[in-house]
$ cat entry-v1.cif   # mmCIF, C-alpha atoms
data_start
loop_
_atom_site.label_atom_id
_atom_site.label_comp_id
_atom_site.auth_asym_id
_atom_site.auth_seq_id
_atom_site.Cartn_x
_atom_site.Cartn_y
_atom_site.Cartn_z
CA PHE A 7 83.40 88.03 59.10
CA PHE A 8 83.88 87.94 62.87
CA TYR A 9 82.57 91.44 63.52
CA ILE A 10 79.02 90.59 62.45
CA MET A 11 78.68 87.25 64.22
CA CYS A 12 78.45 88.62 67.74
CA VAL A 13 77.35 91.78 69.50
CA PRO A 14 80.50 93.75 70.36
CA LEU A 15 81.25 93.64 74.07
CA ARG A 16 82.72 97.11 74.06
CA ALA A 17 79.37 98.91 73.74
CA ALA A 18 79.53 100.55 77.14
CA ALA A 19 83.13 101.65 76.76
CA LEU A 20 82.42 103.23 73.38
CA ALA A 21 78.97 104.63 74.14
CA ALA A 22 80.34 108.15 73.88
CA CYS A 23 80.98 107.49 70.21
CA LEU A 24 77.25 107.34 69.62
CA ALA A 25 76.96 110.97 70.69
CA VAL A 26 79.29 112.16 67.95
CA GLY A 27 77.47 114.36 65.44
CA SER A 28 76.28 112.54 62.39
CA ALA A 29 77.38 115.22 59.95
CA LEU A 30 80.07 113.90 57.68
CA VAL A 31 82.92 116.03 56.40
CA VAL A 32 84.27 114.36 53.28
CA PRO A 33 87.82 114.76 51.97
CA LEU A 34 88.39 117.49 49.41
CA SER A 35 88.95 114.84 46.74
CA ALA A 36 85.47 113.40 47.42
CA SER A 37 83.89 116.83 47.13
CA ARG A 38 85.44 117.27 43.68
CA PRO A 39 85.07 113.79 42.18
CA ALA A 40 85.21 114.85 38.53
CA ASP A 41 88.68 116.28 39.18
CA SER A 42 90.03 113.65 41.57
CA LEU A 43 89.06 110.75 39.30
CA GLN A 44 90.46 112.22 36.08
CA GLY A 45 92.68 109.66 34.39
CA VAL A 46 91.27 106.65 36.28
CA ARG A 47 90.39 104.29 33.44
CA LEU A 48 88.57 101.10 34.34
CA PRO A 49 87.19 98.21 32.28
CA ARG A 50 83.43 97.78 32.22
CA ALA A 51 82.48 94.32 33.44
CA GLY A 52 80.42 92.28 31.03
CA SER A 53 80.37 94.56 28.01
CA GLY A 54 84.05 95.40 27.54
CA GLY A 55 85.57 98.77 26.84
CA HIS A 56 87.11 101.24 29.26
CA VAL A 57 85.80 104.43 30.85
CA ASP A 58 87.69 107.34 32.39
CA LEU A 59 85.68 107.95 35.56
CA GLY A 60 86.64 111.61 35.83
CA GLU A 61 85.72 112.31 32.23
CA ALA A 62 82.43 110.45 32.62
CA LEU A 63 81.48 112.64 35.59
CA ALA A 64 82.69 115.87 34.00
CA SER A 65 80.67 115.19 30.84
CA SER A 66 77.49 114.32 32.70
CA ALA A 67 74.50 115.99 31.07
CA GLY A 68 72.11 115.07 33.88
CA LYS A 69 72.66 113.51 37.30
CA THR A 70 75.07 110.60 37.67
CA LEU A 71 75.52 108.30 40.67
CA LEU A 72 78.94 106.75 41.15
CA VAL A 73 79.49 104.17 43.89
CA LEU A 74 83.11 103.50 44.85
CA GLY A 75 82.65 100.05 46.33
CA THR A 76 84.81 97.61 48.23
CA TYR A 77 85.84 94.03 47.35
CA PRO A 78 83.01 91.73 46.18
CA ALA A 79 82.64 89.60 49.34
CA ASP A 80 82.63 92.58 51.70
CA PHE A 81 79.54 93.56 53.74
CA ASN A 82 79.74 97.16 52.52
CA MET A 83 79.89 96.12 48.84
CA VAL A 84 76.96 93.74 49.18
CA GLU A 85 74.84 96.36 50.95
CA TYR A 86 75.70 99.01 48.37
CA MET A 87 74.45 96.70 45.61
CA GLN A 88 71.32 95.83 47.57
CA ARG A 89 70.49 99.47 48.22
CA VAL A 90 71.13 100.55 44.64
CA ARG A 91 68.89 97.73 43.41
CA VAL A 92 66.03 98.85 45.66
CA PHE A 93 66.45 102.60 45.30
CA LEU A 94 67.15 102.74 41.56
CA PRO A 95 63.55 103.75 40.67
CA ASP A 96 63.66 106.49 43.33
CA LEU A 97 66.96 107.74 41.96
CA ARG A 98 65.47 107.83 38.46
CA ALA A 99 62.55 109.86 39.81
CA LYS A 100 65.07 112.36 41.20
CA GLY A 101 66.68 112.79 37.81
CA VAL A 102 69.59 110.35 38.08
CA THR A 103 70.04 109.16 34.51
CA ARG A 104 73.25 107.17 34.89
CA CYS A 105 74.31 104.79 37.64
CA MET A 106 77.93 103.59 37.80
CA MET A 107 79.41 101.20 40.35
CA VAL A 108 83.06 100.36 40.92
CA VAL A 109 83.86 97.00 42.54
CA ASN A 110 87.33 96.24 43.88
CA GLY A 111 87.63 92.94 42.09
CA PRO A 112 88.20 91.42 38.65
CA PRO A 113 85.39 91.56 36.05
CA ALA A 114 84.27 87.97 36.68
CA ALA A 115 83.81 88.65 40.41
CA CYS A 116 81.87 91.85 39.67
CA GLU A 117 79.51 89.97 37.38
CA LYS A 118 79.15 87.09 39.86
CA LEU A 119 78.05 89.37 42.70
CA ALA A 120 75.71 91.33 40.44
CA SER A 121 74.11 88.08 39.29
CA LEU A 122 73.68 86.79 42.85
CA LEU A 123 71.95 90.03 43.87
CA ASP A 124 69.88 90.54 40.69
CA LEU A 125 71.43 93.94 40.08
CA PRO A 126 69.66 95.60 37.12
CA ASP A 127 71.61 95.72 33.85
CA ALA A 128 71.08 99.51 33.86
CA VAL A 129 73.75 99.77 36.56
CA GLU A 130 77.17 100.01 34.90
CA LEU A 131 79.76 97.84 36.65
CA TYR A 132 83.46 98.66 36.57
CA ALA A 133 86.25 96.39 37.77
CA ASP A 134 89.05 97.85 39.91
CA PRO A 135 90.92 94.92 41.52
CA ALA A 136 93.56 97.23 43.04
CA GLY A 137 91.04 99.72 44.49
CA GLU A 138 92.76 102.70 42.85
CA ALA A 139 89.55 104.65 42.13
CA GLY A 140 88.47 104.54 45.75
CA ARG A 141 91.84 105.79 46.97
CA ARG A 142 91.77 108.65 44.47
CA PHE A 143 88.26 109.52 45.65
CA GLY A 144 89.49 109.65 49.25
CA VAL A 145 88.03 106.58 50.93
CA SER A 146 89.50 105.26 54.17
CA ARG A 147 92.26 102.72 53.62
CA GLY A 148 91.87 101.24 57.09
CA PHE A 149 94.38 100.55 59.84
CA ARG A 150 98.09 100.97 58.97
CA PRO A 151 97.51 100.36 55.24
CA ASP A 152 101.20 100.58 54.30
CA ASP A 153 102.48 98.33 57.11
CA SER A 154 103.46 95.10 55.35
CA SER A 155 104.50 93.49 58.64
CA LEU A 156 100.83 93.07 59.65
CA SER A 157 98.47 90.73 57.84
CA ALA A 158 95.40 92.30 56.26
CA PHE A 159 93.17 90.16 58.48
CA ALA A 160 94.92 91.48 61.60
CA LYS A 161 94.30 95.02 60.37
CA LEU A 162 90.63 94.18 59.78
CA PHE A 163 90.39 92.85 63.33
CA VAL A 164 91.77 96.12 64.69
CA MET A 165 89.31 98.14 62.59
CA GLY A 166 86.27 96.16 63.67
CA ILE A 167 86.94 95.10 67.26
CA VAL A 168 90.00 96.53 68.95
CA GLY A 169 89.28 100.19 68.31
CA GLY A 170 91.33 101.28 65.35
CA PRO A 171 90.26 103.69 62.59
CA GLY A 172 86.63 103.04 61.70
CA ALA A 173 85.70 101.28 64.95
CA TRP A 174 83.77 104.31 66.26
CA ALA A 175 81.47 104.14 63.22
CA THR A 176 81.45 100.36 62.91
CA LEU A 177 79.95 99.90 66.37
CA PRO A 178 76.68 101.83 65.85
CA ALA A 179 76.35 100.49 62.28
CA VAL A 180 76.54 96.92 63.58
CA LEU A 181 74.50 97.48 66.74
CA VAL A 182 71.50 98.89 64.85
CA GLY A 183 71.25 95.47 63.24
CA TYR A 184 70.67 93.90 66.65
CA PHE A 185 68.84 96.61 68.56
CA GLY A 186 66.87 98.17 65.71
CA SER A 187 66.03 101.83 65.09
CA PRO A 188 62.65 103.43 65.83
CA GLY A 189 63.11 106.01 63.08
CA GLY A 190 64.91 103.78 60.61
CA LYS A 191 63.72 102.73 57.16
CA ARG A 192 63.35 99.05 56.40
CA ARG A 193 62.10 98.95 52.81
CA TRP A 194 65.52 98.07 51.38
CA ILE A 195 66.03 95.48 54.11
CA GLU A 196 62.73 93.69 53.41
CA GLU A 197 63.23 93.85 49.64
CA SER A 198 66.74 92.41 50.00
CA LEU A 199 65.52 89.64 52.30
CA LYS A 200 62.86 88.82 49.72
CA GLN A 201 65.42 88.67 46.91
CA GLY A 202 67.56 86.39 49.07
CA GLN A 203 64.67 84.07 49.92
CA LEU A 204 63.60 83.80 46.28
CA ALA A 205 67.20 82.93 45.43
CA GLY A 206 67.21 80.18 48.07
CA ARG A 207 69.48 81.87 50.60
CA TRP A 208 69.21 81.03 54.31
CA PRO A 209 67.59 82.25 56.59
CA ASP A 210 64.61 81.72 54.31
CA SER A 211 61.57 81.88 56.59
CA VAL A 212 61.45 85.54 57.68
CA LEU A 213 58.98 86.57 54.99
CA GLN A 214 55.76 84.92 53.90
CA LEU A 215 55.50 85.29 50.14
CA ALA A 216 52.63 84.84 47.71
CA ASP A 217 53.30 85.26 43.97
CA GLU A 218 56.71 86.65 44.95
CA GLU A 219 55.11 89.43 47.00
CA VAL A 220 55.49 89.90 50.77
CA VAL A 221 52.25 89.17 52.63
CA ALA A 222 53.75 88.87 56.12
CA ASN A 223 57.02 89.64 57.88
CA ALA A 224 57.98 87.70 61.03
CA PHE A 225 59.28 90.92 62.59
CA ASP A 226 55.77 92.40 62.41
CA ASP A 227 55.04 90.27 65.48
CA THR A 228 57.97 91.57 67.55
CA PRO A 229 56.58 92.49 71.00
CA LEU A 230 56.48 96.22 71.86
CA VAL A 231 58.63 97.41 68.94
CA SER A 232 56.85 96.02 65.87
CA SER A 233 56.03 99.58 64.76
CA TRP A 234 59.70 100.63 64.70
CA GLY A 235 61.20 101.55 61.34
CA VAL A 236 63.84 98.81 61.77
CA ARG A 237 62.99 96.16 64.34
CA PRO A 238 65.61 94.44 66.55
CA PHE A 239 67.54 91.73 64.64
CA GLU A 240 65.85 92.63 61.33
CA LEU A 241 68.96 94.06 59.69
CA ALA A 242 71.15 91.51 61.47
CA THR A 243 69.08 88.75 59.85
CA LEU A 244 69.74 90.18 56.40
CA ARG A 245 73.45 90.43 57.18
CA LEU A 246 73.42 86.82 58.37
CA GLN A 247 71.73 85.79 55.14
CA ASN A 248 74.38 87.69 53.18
CA LEU A 249 77.21 86.22 55.23
CA VAL A 250 76.24 82.56 55.27
CA SER A 251 74.61 82.05 51.90
CA LEU A 252 76.48 84.57 49.78
CA GLN A 253 79.77 85.91 51.12
CA ALA A 254 81.06 82.72 52.78
CA LYS A 255 79.53 80.32 50.26
CA HIS A 256 81.06 82.16 47.29
CA TRP A 257 84.25 83.37 49.00
CA GLY A 258 86.48 81.73 46.43
CA ALA A 259 84.91 83.70 43.59
CA LEU A 260 84.41 86.96 45.52
CA LYS A 261 87.51 87.31 47.70
CA PRO A 262 89.81 90.31 47.15
CA ALA A 263 92.40 89.98 44.43
CA ASP A 264 94.58 92.64 46.11
CA GLU A 265 95.15 92.29 49.86
CA ARG A 266 95.02 96.08 50.31
CA CYS A 267 91.33 95.99 49.44
CA LEU A 268 90.47 93.80 52.42
CA THR A 269 90.49 96.83 54.74
CA GLN A 270 89.74 99.60 52.25
CA LEU A 271 86.30 101.18 52.69
CA GLY A 272 84.06 102.73 50.05
CA GLY A 273 82.00 105.79 49.26
CA CYS A 274 79.72 107.32 46.66
CA THR A 275 78.86 110.57 44.92
CA VAL A 276 76.14 112.12 42.80
CA VAL A 277 77.12 114.79 40.30
CA GLY A 278 75.03 117.09 38.17
CA SER A 279 75.61 118.70 34.81
CA GLY A 280 79.29 119.27 34.10
CA GLY A 281 80.37 117.17 37.08
CA GLU A 282 79.08 119.52 39.79
CA CYS A 283 79.09 117.59 43.07
CA LEU A 284 75.59 117.34 44.55
CA TYR A 285 76.27 114.67 47.18
CA SER A 286 79.33 112.81 48.43
CA TRP A 287 79.91 110.23 51.13
CA VAL A 288 82.85 108.16 52.40
CA ASP A 289 82.26 105.10 54.57
CA ARG A 290 83.46 105.61 58.13
CA GLY A 291 83.57 101.98 59.21
CA LEU A 292 82.50 98.42 58.49
CA CYS A 293 78.78 98.23 57.59
CA ASP A 294 78.63 102.04 57.58
CA VAL A 295 77.49 102.79 54.04
CA ALA A 296 75.61 105.74 52.56
CA ASP A 297 72.00 106.31 53.67
CA PHE A 298 70.13 106.40 50.37
CA GLU A 299 67.09 108.03 51.97
CA SER A 300 69.30 110.99 52.93
CA MET A 301 70.90 110.96 49.50
CA LEU A 302 67.50 111.25 47.83
CA GLU A 303 66.52 114.11 50.11
CA SER A 304 69.68 116.00 49.10
CA LEU A 305 68.76 115.70 45.43
#

$ encode --input "entry-v1.cif" --output "structure tokens"
Amino acid sequence: FFYIMCVPLRAAALAACLAVGSALVVPLSASRPADSLQGVRLPRAGSGGHVDLGEALASSAGKTLLVLGTYPADFNMVEYMQRVRVFLPDLRAKGVTRCMMVVNGPPAACEKLASLLDLPDAVELYADPAGEAGRRFGVSRGFRPDDSSLSAFAKLFVMGIVGGPGAWATLPAVLVGYFGSPGGKRRWIEESLKQGQLAGRWPDSVLQLADEEVVANAFDDTPLVSSWGVRPFELATLRLQNLVSLQAKHWGALKPADERCLTQLGGCTVVGSGGECLYSWVDRGLCDVADFESMLESL
């Protein structure tokens, strides 16, 4: 969790990374998810039974969202669940009739995280403790994934701080939490902070609530930048809430069952009728998950 607890000191040295074009070229396997995931059978958490992910996408009659998540206690996994929870009505309005989410953990851990985050029952959860679905989809496996001489935590340190694969995308994803974004969107952040406060997670004083509705946000009083889409430290506060009161507190229940999943990133896709790929994304670094506003625009 070290990479979120302080502002990286390498910002100046890696400033050129921020100028890299934002367009994402996904692997071929991610652009053809119905084919690449054929034969990947996973158990559905909570309700039992197994589903072949490739067959499920190929037989889609409408639009289907599939999130290839990370391990349950990971920042990316938590934020994927939070965003899906908030944007599910918008996805429905865009014609998404089925929402599937793969978590790189055992069924009990999947259900635990979903319960902590109030994920709607309409989202189908699938357990993949070994992370096989993500690898077939084409997600990043992190720094030196097959090097057994390095501990997974050392590899994670390289990815987040030293400058290994994913560091160029991790830096801006983390920094926006501290410095804000004038053109960003904060609806999912505020809704997730509210869900955390109502669940008793700390920090618990950012929002003023009345009848479980937000009547005031402490960041509305931020000098000079209160009108920004995402104000400085707003997203960082949510990530602190997630870290302290969810990820660290429940580490024993949410930690990865397979060490390879500690550094493996995630991704997501939306397919149309017959499995036609309409949108695909692979995470490029820690905290760098899909922008659901952009996803909705593409649909």

$ resolve_selection --input "entry-v1.cif" --expression "the PyMOL selection byres ((chain A and resi 99-111) around 7)" --output "number ranges by chain"
A: 68-78, 95-98, 112-113, 115-116, 129-137, 262-263, 267, 305

$ resolve_selection --input "entry-v1.cif" --expression "the PyMOL selection byres ((chain A and resi 89) around 9)" --output "PyMOL selection string"
chain A and resi 84-88+90-94+194-195+198+297-298

$ resolve_selection --input "entry-v1.cif" --expression "the PyMOL selection byres ((chain A and resi 233) around 12)" --output "list in words"
Gly186, Ser187, Pro188, Gly189, Gly190, Lys191, Arg192, Phe225, Asp226, Asp227, Thr228, Pro229, Leu230, Val231, Ser232, Trp234, Gly235, Val236, Arg237 and Pro238 of chain A

$ closest_residue --input "entry-v1.cif" --among "A:Leu292, A:Ala259, A:Val277, A:Leu302" --to "Ala40 in chain A" --atoms "all atoms listed in the file"
A:Val277

$ atom_distance --input "entry-v1.cif" --atom1 "CA of Ser286 in chain A" --atom2 "CA of Arg141 in chain A"
14.4 Å

$ closest_residue --input "entry-v1.cif" --among "A:Ala51, A:Cys274, A:Val145, A:Ala222" --to "Lys200 in chain A" --atoms "all atoms listed in the file"
A:Ala222

$ closest_residue --input "entry-v1.cif" --among "A:His256, A:Arg290, A:Arg245, A:Arg266" --to "Lys118 in chain A" --atoms "all atoms listed in the file"
A:His256

$ closest_residue --input "entry-v1.cif" --among "A:Leu244, A:Pro178, A:Arg193, A:Phe239" --to "Trp208 in chain A" --atoms "all atoms listed in the file"
A:Leu244

$ closest_residue --input "entry-v1.cif" --among "A:Leu268, A:Gly273, A:Val220, A:Gly140" --to "Val32 in chain A" --atoms "all atoms listed in the file"
A:Gly273

$ atom_distance --input "entry-v1.cif" --atom1 "CA of Leu284 in chain A" --atom2 "CA of Thr176 in chain A"
25.7 Å

$ axis_aligned_box --input "entry-v1.cif" --around "range 150-165 of chain A" --padding-each-side "4 Å" --output "JSON"
{"center_x": 96.9, "center_y": 95.6, "center_z": 59.5, "size_x": 23.2, "size_y": 18.8, "size_z": 18.4}

$ atom_distance --input "entry-v1.cif" --atom1 "CA of Gly281 in chain A" --atom2 "CA of Gly52 in chain A"
25.6 Å

$ closest_residue --input "entry-v1.cif" --among "A:Leu48, A:Val288, A:Ala296, A:Leu123" --to "Ala205 in chain A" --atoms "all atoms listed in the file"
A:Leu123

$ residues_around --input "entry-v1.cif" --residues "Cys293 in chain A" --least-positions-apart "4" --cutoff "10 Å" --atoms "all atoms listed in the file" --output "VMD selection string"
chain A and resid 9 to 10 80 to 86 166 175 to 180 183 245 271 289

$ residues_near_point --input "entry-v1.cif" --point "(86.2, 114.7, 45.1)" --cutoff "9 Å" --atoms "only C-alpha atoms" --output "PyMOL selection string"
chain A and resi 32-43+142-144+275+283+286

$ decode --input "entry-v1.cif" --residues "range 106-193 of chain A" --atoms "C-alpha atoms" --output "CSV table (one decimal), in the first residue's frame"
chain,number,residue,atom,x,y,z
A,106,MET,CA,-20.0,-9.6,-15.2
A,107,MET,CA,-17.1,-9.1,-12.9
A,108,VAL,CA,-14.1,-11.4,-12.4
A,109,VAL,CA,-12.2,-11.1,-9.1
A,110,ASN,CA,-8.8,-12.7,-8.6
A,111,GLY,CA,-9.7,-14.4,-5.4
A,112,PRO,CA,-11.7,-17.3,-3.9
A,113,PRO,CA,-15.6,-17.0,-3.9
A,114,ALA,CA,-15.7,-16.1,-0.2
A,115,ALA,CA,-13.3,-13.1,-0.8
A,116,CYS,CA,-15.4,-12.0,-3.8
A,117,GLU,CA,-18.5,-12.0,-1.8
A,118,LYS,CA,-16.8,-10.2,1.1
A,119,LEU,CA,-15.7,-7.3,-1.0
A,120,ALA,CA,-19.0,-7.0,-2.8
A,121,SER,CA,-20.8,-6.9,0.6
A,122,LEU,CA,-18.4,-4.2,1.9
A,123,LEU,CA,-19.0,-2.1,-1.1
A,124,ASP,CA,-22.8,-2.7,-1.5
A,125,LEU,CA,-22.3,-4.0,-5.0
A,126,PRO,CA,-25.8,-4.7,-6.5
A,127,ASP,CA,-26.8,-8.3,-6.9
A,128,ALA,CA,-27.4,-7.7,-10.6
A,129,VAL,CA,-23.6,-7.7,-11.1
A,130,GLU,CA,-22.5,-11.3,-11.6
A,131,LEU,CA,-19.3,-12.1,-9.6
A,132,TYR,CA,-16.9,-14.8,-10.8
A,133,ALA,CA,-14.0,-16.2,-8.7
A,134,ASP,CA,-10.6,-16.6,-10.4
A,135,PRO,CA,-8.0,-17.1,-7.7
A,136,ALA,CA,-5.2,-17.8,-10.2
A,137,GLY,CA,-6.0,-14.8,-12.4
A,138,GLU,CA,-6.2,-17.0,-15.5
A,139,ALA,CA,-9.0,-15.0,-17.2
A,140,GLY,CA,-7.1,-11.7,-17.0
A,141,ARG,CA,-4.0,-13.2,-18.5
A,142,ARG,CA,-6.0,-14.7,-21.4
A,143,PHE,CA,-7.6,-11.3,-21.9
A,144,GLY,CA,-4.1,-9.7,-22.1
A,145,VAL,CA,-3.7,-7.7,-18.9
A,146,SER,CA,-0.3,-6.6,-17.7
A,147,ARG,CA,1.3,-9.2,-15.4
A,148,GLY,CA,3.6,-6.6,-13.9
A,149,PHE,CA,7.4,-6.6,-13.4
A,150,ARG,CA,9.3,-9.8,-14.1
A,151,PRO,CA,6.2,-12.0,-13.5
A,152,ASP,CA,8.0,-15.3,-14.1
A,153,ASP,CA,11.1,-14.5,-11.9
A,154,SER,CA,10.7,-16.6,-8.8
A,155,SER,CA,13.8,-15.2,-7.2
A,156,LEU,CA,12.1,-11.9,-6.5
A,157,SER,CA,9.3,-11.6,-4.0
A,158,ALA,CA,5.9,-10.3,-5.3
A,159,PHE,CA,6.1,-7.3,-3.0
A,160,ALA,CA,9.5,-6.4,-4.4
A,161,LYS,CA,8.0,-6.5,-7.9
A,162,LEU,CA,5.1,-4.4,-6.7
A,163,PHE,CA,7.6,-1.8,-5.4
A,164,VAL,CA,9.4,-1.7,-8.7
A,165,MET,CA,6.0,-1.2,-10.5
A,166,GLY,CA,4.9,1.6,-8.3
A,167,ILE,CA,8.0,3.5,-7.3
A,168,VAL,CA,11.2,2.6,-9.0
A,169,GLY,CA,10.1,2.9,-12.5
A,170,GLY,CA,9.3,-0.5,-13.8
A,171,PRO,CA,6.4,-1.5,-16.2
A,172,GLY,CA,3.3,0.5,-15.2
A,173,ALA,CA,5.1,3.2,-13.3
A,174,TRP,CA,4.6,5.8,-16.2
A,175,ALA,CA,0.8,5.3,-15.8
A,176,THR,CA,0.8,4.9,-12.1
A,177,LEU,CA,2.3,8.3,-11.5
A,178,PRO,CA,-0.4,10.4,-13.1
A,179,ALA,CA,-3.2,8.1,-11.8
A,180,VAL,CA,-1.9,8.6,-8.2
A,181,LEU,CA,-1.1,12.3,-8.6
A,182,VAL,CA,-4.6,13.3,-9.8
A,183,GLY,CA,-5.7,12.1,-6.3
A,184,TYR,CA,-3.6,14.8,-4.7
A,185,PHE,CA,-3.6,17.6,-7.2
A,186,GLY,CA,-7.1,17.2,-8.6
A,187,SER,CA,-8.3,17.6,-12.2
A,188,PRO,CA,-10.1,20.7,-13.5
A,189,GLY,CA,-12.0,18.6,-16.1
A,190,GLY,CA,-12.4,15.5,-14.1
A,191,LYS,CA,-15.7,13.9,-13.0
A,192,ARG,CA,-16.3,13.4,-9.3
A,193,ARG,CA,-19.7,11.8,-9.1
